[in-house]
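*Asks:* Sharing a structure, written as structure tokens. Questions coming.
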Amino acid sequence: MKSSSTSPLTNDSIQEVSKIFKMVSDPTRLSILFLLQKEELSVGVIAQSLSMEQSAISHQLKTLKTSRLVKSKRAGKNMIYSLDDLHIFSILEQVSTHIEEQEKEK
């Protein structure tokens, strides 16, 4: 096993990777990301789709926005949310494939 001093990532990079995994480890945030993969949505539509309160969705969107996974724009009185970066889905697709393979082996 290689020592941590030969890791291709710096400690700061490892911390950033860890933050991304923390963001997608929450089921609500993950559900929001999958909804936004399909189209831009308002808080109200996301809340209705997930059967949750708008305040709870707003809190999760703020967290995702701080992590630069989603972005927002104003449309009249509403804020419309969309994905800020599609790279996260290559990771999520690999995890999904892994899960599907495990399910087939059962």
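We name chains A, B, ... following the order of the structure tokens; residues begin at 1 in each chain, and ligands are numbered from 1 as shown.
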Please build the interface table for range 45-99 of chain A against range 26-36 of chain A with a cut-off of 7 Å, listing for each qualifying residue the nearest atom pair and the distance in Å to one decimal; count only C-alpha atoms, order rows by chain and increasing number, and write it as a tab-separated table.
*Replies:*
residue	atom	partner	partner_atom	distance
A:Gln60	CA	A:Arg29	CA	6.1
A:Ser82	CA	A:Leu36	CA	5.6
A:Leu83	CA	A:Leu36	CA	6.1
*Asks:* Write the residues of the preceding selection, restricted to N, CA and C atoms, as an mmCIF file, in the first residue's frame.
*Replies:*
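The result, written out as selection_13.cif:
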data_model
loop_
_atom_site.group_PDB
_atom_site.id
_atom_site.type_symbol
_atom_site.label_atom_id
_atom_site.label_comp_id
_atom_site.auth_asym_id
_atom_site.auth_seq_id
_atom_site.Cartn_x
_atom_site.Cartn_y
_atom_site.Cartn_z
ATOM 1 N N GLN A 60 -31.823 22.829 1.589
ATOM 2 C CA GLN A 60 -30.954 21.895 0.856
ATOM 3 C C GLN A 60 -30.369 22.546 -0.395
ATOM 4 N N SER A 82 -30.785 25.079 -11.350
ATOM 5 C CA SER A 82 -30.262 24.140 -12.341
ATOM 6 C C SER A 82 -28.929 23.622 -11.840
ATOM 7 N N LEU A 83 -28.443 22.589 -12.497
ATOM 8 C CA LEU A 83 -27.144 22.038 -12.131
ATOM 9 C C LEU A 83 -26.042 23.007 -12.528
#
*Asks:* For the structure I just gave you, how does DSSP split chain A - specifically, which residues are helix (DSSP H, G or I)? Reply as an MDAnalysis selection string.
*Replies:* chainID A and resid 4:6 11:24 27:38 43:50 54:66 87:105
*Asks:* Quick one: everything within 12 Å of Met79 in chain A, counting only C-alpha atoms, minus sequence neighbours fewer than 3 positions away in the same chain. Send it as a PyMOL selection string.
*Replies:* chain A and resi 40-46+58+61-62+70-76+82
*Asks:* For the residues in the current selection, export N, CA, C and O atoms as a tab-separated table (two decimals), in the first residue's frame.
*Replies:*
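The new file again33.tsv reads:
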chain	number	residue	atom	x	y	z
A	40	GLU	N	-34.50	22.55	-15.41
A	40	GLU	CA	-34.44	23.61	-14.41
A	40	GLU	C	-35.78	23.65	-13.69
A	40	GLU	O	-36.83	23.49	-14.32
A	41	LEU	N	-35.75	23.88	-12.37
A	41	LEU	CA	-36.98	23.84	-11.59
A	41	LEU	C	-36.97	24.91	-10.50
A	41	LEU	O	-35.91	25.31	-10.01
A	42	SER	N	-38.17	25.33	-10.11
A	42	SER	CA	-38.32	26.25	-8.98
A	42	SER	C	-38.37	25.45	-7.68
A	42	SER	O	-38.58	24.23	-7.69
A	43	VAL	N	-38.21	26.15	-6.58
A	43	VAL	CA	-38.28	25.51	-5.27
A	43	VAL	C	-39.63	24.83	-5.08
A	43	VAL	O	-39.71	23.70	-4.61
A	44	GLY	N	-40.70	25.50	-5.49
A	44	GLY	CA	-42.04	24.95	-5.32
A	44	GLY	C	-42.24	23.65	-6.07
A	44	GLY	O	-42.83	22.70	-5.54
A	45	VAL	N	-41.74	23.58	-7.29
A	45	VAL	CA	-41.89	22.36	-8.09
A	45	VAL	C	-41.06	21.23	-7.47
A	45	VAL	O	-41.52	20.08	-7.39
A	46	ILE	N	-39.86	21.55	-7.01
A	46	ILE	CA	-39.02	20.53	-6.37
A	46	ILE	C	-39.71	20.03	-5.11
A	46	ILE	O	-39.79	18.82	-4.87
A	58	SER	N	-35.52	24.62	0.25
A	58	SER	CA	-34.69	25.83	0.16
A	58	SER	C	-33.39	25.66	0.93
A	58	SER	O	-32.32	26.06	0.47
A	61	LEU	N	-31.16	23.35	-1.08
A	61	LEU	CA	-30.66	24.05	-2.27
A	61	LEU	C	-29.55	25.03	-1.91
A	61	LEU	O	-28.58	25.17	-2.64
A	62	LYS	N	-29.69	25.70	-0.77
A	62	LYS	CA	-28.65	26.61	-0.32
A	62	LYS	C	-27.34	25.85	-0.09
A	62	LYS	O	-26.26	26.30	-0.48
A	70	VAL	N	-25.29	23.34	-7.64
A	70	VAL	CA	-26.43	23.94	-8.32
A	70	VAL	C	-26.22	25.45	-8.41
A	70	VAL	O	-25.43	26.03	-7.66
A	71	LYS	N	-26.94	26.05	-9.34
A	71	LYS	CA	-26.91	27.50	-9.49
A	71	LYS	C	-28.35	27.97	-9.62
A	71	LYS	O	-29.26	27.17	-9.86
A	72	SER	N	-28.56	29.26	-9.45
A	72	SER	CA	-29.91	29.80	-9.52
A	72	SER	C	-29.94	31.05	-10.38
A	72	SER	O	-28.93	31.72	-10.58
A	73	LYS	N	-31.15	31.33	-10.88
A	73	LYS	CA	-31.38	32.57	-11.60
A	73	LYS	C	-32.80	33.02	-11.27
A	73	LYS	O	-33.66	32.20	-10.95
A	74	ARG	N	-32.99	34.32	-11.32
A	74	ARG	CA	-34.30	34.87	-11.00
A	74	ARG	C	-35.17	34.87	-12.26
A	74	ARG	O	-34.72	35.25	-13.33
A	75	ALA	N	-36.42	34.43	-12.10
A	75	ALA	CA	-37.42	34.48	-13.16
A	75	ALA	C	-38.67	35.10	-12.54
A	75	ALA	O	-39.47	34.40	-11.91
A	76	GLY	N	-38.79	36.41	-12.67
A	76	GLY	CA	-39.88	37.12	-12.00
A	76	GLY	C	-39.67	37.07	-10.51
A	76	GLY	O	-38.63	37.46	-10.01
A	82	SER	N	-30.78	25.08	-11.35
A	82	SER	CA	-30.26	24.14	-12.34
A	82	SER	C	-28.93	23.62	-11.84
A	82	SER	O	-28.35	24.15	-10.89
*Asks:* According to DSSP computed on the backbone, where in chain A is there strand (DSSP E)? Give the residues as an MDAnalysis selection string.
*Replies:* chainID A and resid 41:42 70:75 78:83
*Asks:* Output N, CA and C atoms of each residue in that selection to a file, as a PDB file, in the first residue's frame.
*Replies:*
ATOM      1  N   LEU A  41     -35.746  23.876 -12.369  1.00  0.00           N
ATOM      2  CA  LEU A  41     -36.976  23.845 -11.589  1.00  0.00           C
ATOM      3  C   LEU A  41     -36.969  24.912 -10.504  1.00  0.00           C
ATOM      4  N   SER A  42     -38.166  25.329 -10.106  1.00  0.00           N
ATOM      5  CA  SER A  42     -38.318  26.250  -8.977  1.00  0.00           C
ATOM      6  C   SER A  42     -38.369  25.445  -7.677  1.00  0.00           C
ATOM      7  N   VAL A  70     -25.292  23.339  -7.640  1.00  0.00           N
ATOM      8  CA  VAL A  70     -26.431  23.941  -8.324  1.00  0.00           C
ATOM      9  C   VAL A  70     -26.219  25.448  -8.408  1.00  0.00           C
ATOM     10  N   LYS A  71     -26.939  26.052  -9.337  1.00  0.00           N
ATOM     11  CA  LYS A  71     -26.911  27.502  -9.486  1.00  0.00           C
ATOM     12  C   LYS A  71     -28.350  27.974  -9.616  1.00  0.00           C
ATOM     13  N   SER A  72     -28.561  29.263  -9.454  1.00  0.00           N
ATOM     14  CA  SER A  72     -29.913  29.798  -9.524  1.00  0.00           C
ATOM     15  C   SER A  72     -29.945  31.051 -10.377  1.00  0.00           C
ATOM     16  N   LYS A  73     -31.148  31.329 -10.882  1.00  0.00           N
ATOM     17  CA  LYS A  73     -31.381  32.573 -11.599  1.00  0.00           C
ATOM     18  C   LYS A  73     -32.797  33.019 -11.274  1.00  0.00           C
ATOM     19  N   ARG A  74     -32.992  34.322 -11.316  1.00  0.00           N
ATOM     20  CA  ARG A  74     -34.304  34.866 -11.005  1.00  0.00           C
ATOM     21  C   ARG A  74     -35.166  34.867 -12.259  1.00  0.00           C
ATOM     22  N   ALA A  75     -36.423  34.431 -12.096  1.00  0.00           N
ATOM     23  CA  ALA A  75     -37.419  34.480 -13.162  1.00  0.00           C
ATOM     24  C   ALA A  75     -38.669  35.101 -12.542  1.00  0.00           C
ATOM     25  N   ASN A  78     -39.713  34.228  -8.833  1.00  0.00           N
ATOM     26  CA  ASN A  78     -39.202  32.897  -8.502  1.00  0.00           C
ATOM     27  C   ASN A  78     -37.711  32.771  -8.776  1.00  0.00           C
ATOM     28  N   MET A  79     -37.095  31.886  -8.013  1.00  0.00           N
ATOM     29  CA  MET A  79     -35.726  31.477  -8.284  1.00  0.00           C
ATOM     30  C   MET A  79     -35.813  30.130  -8.988  1.00  0.00           C
ATOM     31  N   ILE A  80     -35.081  30.024 -10.085  1.00  0.00           N
ATOM     32  CA  ILE A  80     -35.051  28.784 -10.850  1.00  0.00           C
ATOM     33  C   ILE A  80     -33.680  28.148 -10.653  1.00  0.00           C
ATOM     34  N   TYR A  81     -33.681  26.882 -10.308  1.00  0.00           N
ATOM     35  CA  TYR A  81     -32.440  26.171 -10.014  1.00  0.00           C
ATOM     36  C   TYR A  81     -32.082  25.205 -11.128  1.00  0.00           C
ATOM     37  N   SER A  82     -30.785  25.079 -11.350  1.00  0.00           N
ATOM     38  CA  SER A  82     -30.262  24.140 -12.341  1.00  0.00           C
ATOM     39  C   SER A  82     -28.929  23.622 -11.840  1.00  0.00           C
ATOM     40  N   LEU A  83     -28.443  22.589 -12.497  1.00  0.00           N
ATOM     41  CA  LEU A  83     -27.144  22.038 -12.131  1.00  0.00           C
ATOM     42  C   LEU A  83     -26.042  23.007 -12.528  1.00  0.00           C
TER      43      LEU A  83
END
*Asks:* Of the candidates A:Lys65, A:His98, A:His59, A:Lys104, which shows the shortest atom-to-atom distance to Asp84 in chain A, using only C-alpha atoms?
*Replies:* A:Lys65
*Asks:* Between A:Ser96, A:Ser90, A:Ser51, A:Ile20, which is the closest to Leu69 in chain A once you count only C-alpha atoms?
*Replies:* A:Ile20
*Asks:* CA of Ile91 in chain A and CA of Ala47 in chain A, how far apart in Å?
*Replies:*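 So the two atoms, CA of Ala47 in chain A and CA of Ile91 in chain A, lie 25.0 Å apart.
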*Asks:* CA of Phe21 in chain A and CA of Ile88 in chain A are how many Å apart?
*Replies:*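 Result for CA of Phe21 in chain A versus CA of Ile88 in chain A: 9.7 Å, one decimal.
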*Asks:* Of the candidates A:Asp85, A:Arg68, A:Glu105, A:Gln37, which shows the shortest atom-to-atom distance to Glu16 in chain A, using only C-alpha atoms?
*Replies:*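 Of all the options, A:Arg68 lies closest to Glu16 in chain A.
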